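Source file: coords23.txt (compact mmCIF, C-alpha atoms and all ligand atoms)
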```txt
# COMPACT_ATOMS: atom_id res chain seq x y z
CA MET A 1210 67.63 38.60 169.30
CA ALA A 1211 64.97 41.35 169.33
CA GLY A 1212 67.67 43.89 170.19
CA GLU A 1213 69.81 42.60 167.36
CA ALA A 1214 66.89 42.86 164.96
CA SER A 1215 66.34 46.52 165.89
CA ASP A 1216 70.09 47.11 165.53
CA ALA A 1217 69.81 45.81 161.98
CA ALA A 1218 66.78 48.02 161.29
CA ALA A 1219 68.55 51.08 162.70
CA CYS A 1220 71.59 50.28 160.61
CA ARG A 1221 69.40 49.99 157.49
CA GLN A 1222 67.52 53.21 158.22
CA ALA A 1223 70.75 55.08 158.83
CA GLY A 1224 71.95 53.93 155.39
CA ALA A 1225 75.20 52.72 156.88
CA ALA A 1226 78.15 54.08 154.94
CA VAL A 1227 79.50 51.52 152.57
CA SER A 1228 81.70 53.71 150.43
CA ASP A 1229 84.50 53.85 153.01
CA ILE A 1230 85.49 50.18 152.83
CA PRO A 1231 89.31 50.00 152.65
CA HIS A 1232 89.44 47.01 150.30
CA LEU A 1233 87.41 44.20 148.76
CA SER A 1234 88.08 41.13 150.88
CA VAL A 1235 87.80 37.80 149.05
CA THR A 1236 85.92 36.26 152.00
CA GLN A 1237 83.53 39.20 152.08
CA LEU A 1238 82.93 39.06 148.31
CA LYS A 1239 82.10 35.37 148.67
CA THR A 1240 79.59 36.25 151.41
CA TYR A 1241 78.00 38.88 149.16
CA VAL A 1242 77.67 36.35 146.33
CA HIS A 1243 75.96 33.88 148.67
CA CYS A 1244 73.70 36.39 150.41
CA PRO A 1245 73.89 40.19 150.12
CA LEU A 1246 71.80 40.62 153.28
CA GLN A 1247 74.19 38.49 155.31
CA TYR A 1248 77.03 40.67 153.98
CA PHE A 1249 75.14 43.79 155.06
CA LEU A 1250 74.47 42.53 158.59
CA ARG A 1251 78.00 41.23 159.12
CA TYR A 1252 80.24 43.71 157.35
CA VAL A 1253 78.23 46.94 157.10
CA CYS A 1254 76.29 46.81 160.39
CA HIS A 1255 79.12 44.89 162.12
CA LEU A 1256 76.58 42.74 163.96
CA LYS A 1257 78.40 39.75 165.37
CA VAL A 1258 76.91 36.31 165.83
CA PRO A 1259 78.85 33.54 167.53
CA PRO A 1260 80.40 31.02 165.14
CA GLY A 1261 78.89 27.53 164.89
CA SER A 1262 80.71 24.23 165.30
CA GLU A 1263 81.76 24.03 161.63
CA VAL A 1264 83.56 27.39 161.70
CA THR A 1265 85.05 26.68 165.12
CA LEU A 1266 86.45 23.33 164.02
CA GLY A 1267 87.73 24.80 160.76
CA ARG A 1268 89.64 27.56 162.57
CA ALA A 1269 91.32 25.14 164.98
CA VAL A 1270 92.25 22.70 162.19
CA HIS A 1271 93.59 25.54 160.01
CA GLY A 1272 95.65 26.81 162.93
CA ALA A 1273 97.30 23.44 163.53
CA ILE A 1274 98.04 22.84 159.84
CA GLY A 1275 99.34 26.39 159.42
CA ASP A 1276 101.69 26.16 162.42
CA ASN A 1277 103.11 22.89 161.10
CA TYR A 1278 103.72 24.21 157.61
CA ARG A 1279 105.23 27.49 158.82
CA GLN A 1280 108.04 25.60 160.57
CA LYS A 1281 108.32 23.08 157.70
CA ILE A 1282 109.37 25.82 155.24
CA ALA A 1283 112.81 25.77 156.89
CA SER A 1284 112.91 22.32 158.53
CA ALA A 1285 111.40 20.31 155.63
CA ARG A 1286 109.88 18.02 158.32
CA ASP A 1287 106.42 17.75 159.79
CA LEU A 1288 106.02 18.19 163.54
CA PRO A 1289 105.40 14.99 165.54
CA PHE A 1290 101.65 14.39 165.48
CA SER A 1291 101.44 14.75 169.28
CA ASP A 1292 102.61 18.38 168.85
CA VAL A 1293 100.05 18.99 166.10
CA ALA A 1294 97.30 17.55 168.32
CA ASP A 1295 98.41 19.82 171.19
CA ILE A 1296 98.29 22.91 168.94
CA PHE A 1297 94.81 21.89 167.75
CA SER A 1298 93.61 21.29 171.30
CA THR A 1299 94.81 24.70 172.54
CA ARG A 1300 93.21 26.47 169.58
CA TRP A 1301 89.98 24.48 169.91
CA GLU A 1302 89.62 25.38 173.60
CA ALA A 1303 90.11 29.09 172.81
CA GLU A 1304 87.71 29.06 169.83
CA ALA A 1305 85.05 26.93 171.56
CA LYS A 1306 84.63 29.58 174.30
CA GLU A 1307 83.18 31.95 171.69
CA ALA A 1308 81.13 29.34 169.80
CA ALA A 1309 77.39 28.59 169.79
CA PHE A 1310 76.84 24.83 169.59
CA GLU A 1311 73.49 23.32 168.61
CA LYS A 1312 71.55 21.59 171.38
CA ASP A 1313 72.26 18.15 169.94
CA GLU A 1314 75.99 18.80 169.46
CA LYS A 1315 78.61 17.57 171.88
CA PRO A 1316 81.69 19.81 171.76
CA GLY A 1317 83.93 17.03 173.10
CA GLU A 1318 82.89 14.69 170.27
CA ILE A 1319 83.50 17.40 167.66
CA LYS A 1320 86.93 18.06 169.13
CA ASP A 1321 87.74 14.31 168.91
CA GLN A 1322 86.59 14.32 165.29
CA GLY A 1323 89.00 17.20 164.68
CA VAL A 1324 91.92 15.17 166.03
CA GLN A 1325 90.93 12.21 163.83
CA LEU A 1326 90.64 14.46 160.78
CA LEU A 1327 94.08 15.91 161.41
CA LYS A 1328 95.56 12.44 161.97
CA THR A 1329 94.22 11.31 158.59
CA TYR A 1330 95.51 14.50 156.95
CA PHE A 1331 98.96 14.12 158.52
CA ASP A 1332 99.13 10.44 157.50
CA GLU A 1333 97.99 10.92 153.91
CA VAL A 1334 98.72 14.47 152.75
CA ALA A 1335 101.22 16.46 154.84
CA PRO A 1336 104.25 14.17 154.18
CA HIS A 1337 103.90 14.93 150.45
CA VAL A 1338 103.73 18.72 150.83
CA GLN A 1339 106.73 21.04 150.94
CA PRO A 1340 105.39 24.52 151.72
CA LEU A 1341 106.80 27.67 150.20
CA GLU A 1342 104.40 30.24 151.67
CA VAL A 1343 101.76 29.84 154.39
CA GLU A 1344 98.72 32.09 154.87
CA ARG A 1345 100.18 34.50 152.34
CA GLU A 1346 98.51 37.90 152.51
CA PHE A 1347 97.88 39.76 149.25
CA LEU A 1348 96.50 43.14 148.24
CA VAL A 1349 96.02 43.47 144.49
CA ASN A 1350 94.96 46.60 142.62
CA LEU A 1351 92.64 45.90 139.73
CA ARG A 1352 92.27 48.44 136.95
CA THR A 1353 88.49 48.29 137.00
CA THR A 1354 87.69 48.54 140.73
CA LYS A 1355 88.09 51.48 143.09
CA HIS A 1356 89.29 49.23 145.92
CA PRO A 1357 92.11 46.66 145.92
CA VAL A 1358 91.28 43.00 146.48
CA LYS A 1359 92.67 41.54 149.71
CA GLY A 1360 92.93 37.96 150.92
CA TYR A 1361 95.07 35.20 152.37
CA ILE A 1362 96.20 32.07 150.52
CA ASP A 1363 96.28 29.08 152.89
CA LEU A 1364 99.27 27.45 151.26
CA ILE A 1365 101.56 27.74 148.23
CA ASP A 1366 103.75 24.66 147.82
CA SER A 1367 107.25 24.41 146.39
CA GLN A 1368 105.84 23.41 142.99
CA GLY A 1369 103.73 26.56 142.73
CA ASN A 1370 100.39 24.94 143.59
CA ILE A 1371 97.79 27.01 145.41
CA ILE A 1372 96.10 24.93 148.11
CA ASP A 1373 93.04 25.79 150.20
CA HIS A 1374 92.04 23.68 153.22
CA LYS A 1375 88.40 22.95 154.01
CA THR A 1376 86.66 21.05 156.79
CA THR A 1377 83.14 19.83 156.10
CA LYS A 1378 80.47 17.31 157.03
CA ARG A 1379 79.76 16.33 153.42
CA SER A 1380 82.03 15.42 150.52
CA TYR A 1381 82.59 18.08 147.88
CA PRO A 1382 81.65 17.44 144.22
CA GLN A 1383 84.57 16.20 142.14
CA ASP A 1384 84.68 19.40 140.07
CA ALA A 1385 84.61 21.75 143.09
CA ALA A 1386 88.18 23.00 142.52
CA GLU A 1387 87.35 23.94 138.92
CA LYS A 1388 84.73 26.46 140.01
CA ASP A 1389 85.74 27.68 143.44
CA LEU A 1390 85.63 31.49 143.59
CA GLN A 1391 88.32 31.78 146.28
CA LEU A 1392 90.78 29.68 144.26
CA THR A 1393 90.17 31.90 141.23
CA ALA A 1394 90.89 35.00 143.33
CA TYR A 1395 94.05 33.34 144.68
CA ALA A 1396 95.22 32.46 141.15
CA MET A 1397 94.64 36.09 140.12
CA ALA A 1398 96.68 37.26 143.13
CA TYR A 1399 99.46 34.70 142.54
CA ARG A 1400 99.89 35.89 138.94
CA ALA A 1401 99.99 39.53 140.08
CA MET A 1402 102.58 38.77 142.78
CA HIS A 1403 104.80 36.32 140.89
CA GLY A 1404 104.43 37.52 137.31
CA ARG A 1405 103.63 33.99 136.08
CA PRO A 1406 100.74 31.53 136.37
CA GLU A 1407 100.50 29.09 139.24
CA ASN A 1408 101.13 25.41 138.54
CA GLY A 1409 97.60 24.44 139.60
CA VAL A 1410 94.95 24.96 142.27
CA ARG A 1411 93.76 22.39 144.80
CA LEU A 1412 91.19 21.93 147.53
CA ASP A 1413 92.27 19.64 150.37
CA VAL A 1414 88.89 18.79 151.87
CA MET A 1415 88.72 17.11 155.29
CA VAL A 1416 85.38 15.33 155.56
CA ARG A 1417 84.28 14.48 159.09
CA ASN A 1418 82.41 11.26 158.47
CA LYS A 1419 82.49 8.44 161.00
CA GLN A 1420 85.52 7.42 158.97
CA PRO A 1421 87.41 10.68 158.33
CA LYS A 1422 88.20 11.17 154.66
CA ILE A 1423 90.46 13.52 152.70
CA GLN A 1424 89.54 14.66 149.20
CA GLN A 1425 92.26 16.22 147.07
CA LEU A 1426 90.47 18.05 144.28
CA ASN A 1427 92.64 19.56 141.57
CA GLY A 1428 91.82 22.32 139.14
CA ARG A 1429 93.27 24.81 136.71
CA ARG A 1430 92.55 28.45 136.02
CA SER A 1431 92.42 30.00 132.57
CA GLU A 1432 92.96 33.65 131.71
CA SER A 1433 89.27 33.92 130.87
CA GLN A 1434 88.31 32.68 134.37
CA ILE A 1435 90.61 35.30 135.89
CA GLY A 1436 89.05 37.97 133.67
CA ARG A 1437 85.61 36.79 134.69
CA PHE A 1438 86.56 37.12 138.38
CA ILE A 1439 87.77 40.67 137.81
CA ARG A 1440 84.47 41.58 136.13
CA LEU A 1441 82.59 39.92 138.99
CA ALA A 1442 84.58 41.93 141.57
CA GLU A 1443 83.66 45.11 139.68
CA GLN A 1444 79.95 44.25 139.76
CA LEU A 1445 80.06 43.23 143.42
CA GLU A 1446 81.77 46.50 144.30
CA ASN A 1447 79.01 48.36 142.44
CA GLY A 1448 76.34 46.43 144.36
CA ILE A 1449 77.98 47.04 147.72
CA SER A 1450 78.67 50.73 147.04
CA SER A 1451 75.09 51.25 145.82
CA GLY A 1452 73.63 49.62 148.94
CA VAL A 1453 72.07 46.67 147.12
CA PHE A 1454 71.40 44.21 149.95
CA TYR A 1455 68.71 41.53 149.82
CA PRO A 1456 68.20 38.07 151.31
CA ASN A 1457 69.15 35.13 149.12
CA GLU A 1458 67.54 32.11 150.73
CA SER A 1459 69.37 28.86 150.06
CA TYR A 1460 70.73 25.77 151.79
CA LEU A 1461 73.35 28.07 153.36
CA CYS A 1462 70.67 29.64 155.60
CA SER A 1463 70.96 26.66 157.97
CA GLY A 1464 74.39 27.80 159.16
CA CYS A 1465 73.80 31.55 158.86
CA GLY A 1466 73.25 32.78 162.43
CA TYR A 1467 71.33 35.88 161.26
CA GLU A 1468 67.97 34.13 160.77
CA GLY A 1469 66.18 36.22 163.42
CA MET A 1470 67.38 39.52 161.97
CA CYS A 1471 66.72 38.27 158.45
CA GLU A 1472 63.08 37.45 159.27
CA LYS A 1473 62.54 41.01 160.52
CA TRP A 1474 64.18 42.56 157.47
S1 LIG A 1501 69.05 33.46 156.81
FE1 LIG A 1501 69.60 33.08 154.65
S2 LIG A 1501 68.65 34.77 153.51
FE2 LIG A 1501 68.73 35.38 155.66
S3 LIG A 1501 70.63 36.53 155.92
FE3 LIG A 1501 71.06 34.38 156.42
S4 LIG A 1501 71.80 33.46 154.52
FE4 LIG A 1501 70.77 35.38 153.99
```
Could you rewrite the structure in this file as structure tokens?
Amino acid sequence: MAGEASDAAACRQAGAAVSDIPHLSVTQLKTYVHCPLQYFLRYVCHLKVPPGSEVTLGRAVHGAIGDNYRQKIASARDLPFSDVADIFSTRWEAEAKEAAFEKDEKPGEIKDQGVQLLKTYFDEVAPHVQPLEVEREFLVNLRTTKHPVKGYIDLIDSQGNIIDHKTTKRSYPQDAAEKDLQLTAYAMAYRAMHGRPENGVRLDVMVRNKQPKIQQLNGRRSESQIGRFIRLAEQLENGISSGVFYPNESYLCSGCGYEGMCEKW
């Protein structure tokens, strides 16, 4: 960790170039909103920290859901759940090799929770979804930013709904889909790509309680919310390009991974 801390200091002293970013990634903008210093360490200094259990589980669950929906575009049928569980297991094993688990965490138990979460999702949600596009990449030029905005939409269904999948330990607030920054960016991208508004936006939240639970949280996006996102992207680009990076301590620090470097900042 000491070496990593001096890497961060060297990166800061060198005034790492931030003007040569190819695009504004939605994930990266969200990181900057949450903590500009974490953005700096991760995306400017390129200092890697191993993902924790939450990220590892989320990647494996996303992979299994994505593989199912990709084939369902043509087949209109979900894979047998045993196939979904196999895809999840293979992805989990690959992701878990790179992960840093807490001392009190048992990777095998988390993997089992992942299977239970997926089972609940495939019982309650997947049969009612007909996908149109899966992990749709977009690159949208905004008039007011120097860089285009890039991202990936988890799922667009046949009714024109934008759906983002989340795995979490705690339930989301009921109005989470009304405010989510990523969903606003996806609605902006959808309108740019399709020339019309989306039908709606939705978070499908998989909560890993003892009893797995799925929350389907619906929302809508107005033109003024889209305009507000575009203005936010402009300001974030200004902050990044000007080298404005500072720690923003919050409840998100517990899963950060850069605490040691942050303390030495
Ligand atoms: S520990 Fe908290 S304040 Fe420090 S970099 Fe991470 S998220 Fe930011």
Pairwise distance for CA of Glu1446 (chain A) and CA of Phe1249 (chain A), rounded to one decimal in Å: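 Distance between the two atoms: 12.9 Å.
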Given the choices A:Thr1354, A:Thr1240, A:Asn1427, A:Asn1408, which gets closest to ligand LIG 1501 (chain A) if the distance is worked out from all atoms listed in the file?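 When distances to ligand LIG 1501 (chain A) are compared using all atoms listed in the file, the smallest one comes from A:Thr1240.
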Neighbours of ligand LIG 1501 (chain A) at 6 Å or closer, counting all atoms listed in the file: which residues, as a PyMOL selection string? chain A and resi 1244+1246-1247+1456-1458+1461-1462+1465+1467-1468+1471
Using only C-alpha atoms for the distances, tell me which of A:Val1242, A:Ile1371, A:Ala1269, A:Val1264 is nearest to Ser1298 (chain A).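 Counting only C-alpha atoms, the residue closest to Ser1298 (chain A) is A:Ala1269.
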Spatial neighbours of region 1438-1444 of chain A, max dist 8 Å, all atoms listed in the file, sep filter under 3 positions, as a list of chain:residue names: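 The filter keeps A:Leu1238, A:Leu1351, A:Thr1353, A:Thr1354, A:Leu1390, A:Thr1393, A:Ala1394, A:Gln1434, A:Ile1435, A:Asn1447, A:Gly1448.
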From the list A:Asp1413, A:Asp1295, A:Asp1389, A:Glu1314, the nearest residue to Tyr1330 (chain A) using all atoms listed in the file is A:Asp1413
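With distances restricted to only C-alpha atoms, A:Val1235 is the closest residue to Tyr1361 (chain A) from A:Met1397, A:Leu1412, A:Leu1445, A:Val1235.
Distances from A:Pro1316, A:Pro1421, A:Gly1360, A:Pro1245 to Ala1396 (chain A) were compared using all atoms listed in the file, and the smallest one belongs to A:Gly1360.
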Work out how far apart CA of Asp1373 (chain A) and CA of Ile1319 (chain A) are and give it in Å to one decimal.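 Distance reported for this atom pair: 21.6 Å.
With distances taken over all atoms listed in the file, A:Glu1318 is the one residue among A:Glu1311, A:Glu1432, A:Asp1287, A:Glu1318 lying closest to Lys1419 (chain A).
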Expected residue set, 12 Å radius at (91.2, 30.3, 171.0), all atoms listed in the file, as a PyMOL selection string: chain A and resi 1265-1266+1268-1270+1272-1273+1296-1308
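CA of Met1402 (chain A) is positioned 8.1 Å from CA of Phe1347 (chain A).
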Around (93.3, 24.3, 137.0) in the file's own coordinates, what residues are found within 8 Å if you use all atoms listed in the file, given back as a PDB file with C-alpha atoms, in the coordinates of the input?
```
ATOM      1  CA  ALA A1386      88.180  23.000 142.520  1.00  0.00           C
ATOM      2  CA  GLU A1387      87.350  23.940 138.920  1.00  0.00           C
ATOM      3  CA  GLY A1409      97.600  24.440 139.600  1.00  0.00           C
ATOM      4  CA  VAL A1410      94.950  24.960 142.270  1.00  0.00           C
ATOM      5  CA  ASN A1427      92.640  19.560 141.570  1.00  0.00           C
ATOM      6  CA  GLY A1428      91.820  22.320 139.140  1.00  0.00           C
ATOM      7  CA  ARG A1429      93.270  24.810 136.710  1.00  0.00           C
ATOM      8  CA  ARG A1430      92.550  28.450 136.020  1.00  0.00           C
ATOM      9  CA  SER A1431      92.420  30.000 132.570  1.00  0.00           C
TER      10      SER A1431
END
```
Near Leu1327 (chain A), within 12 Å and counting all atoms listed in the file, which residues show up once chain neighbours fewer than 3 positions away are dropped, as an MDAnalysis selection string? chainID A and resid 1266:1267 1269:1275 1277 1290:1298 1320:1324 1330:1335 1374:1376 1413:1417 1421:1423
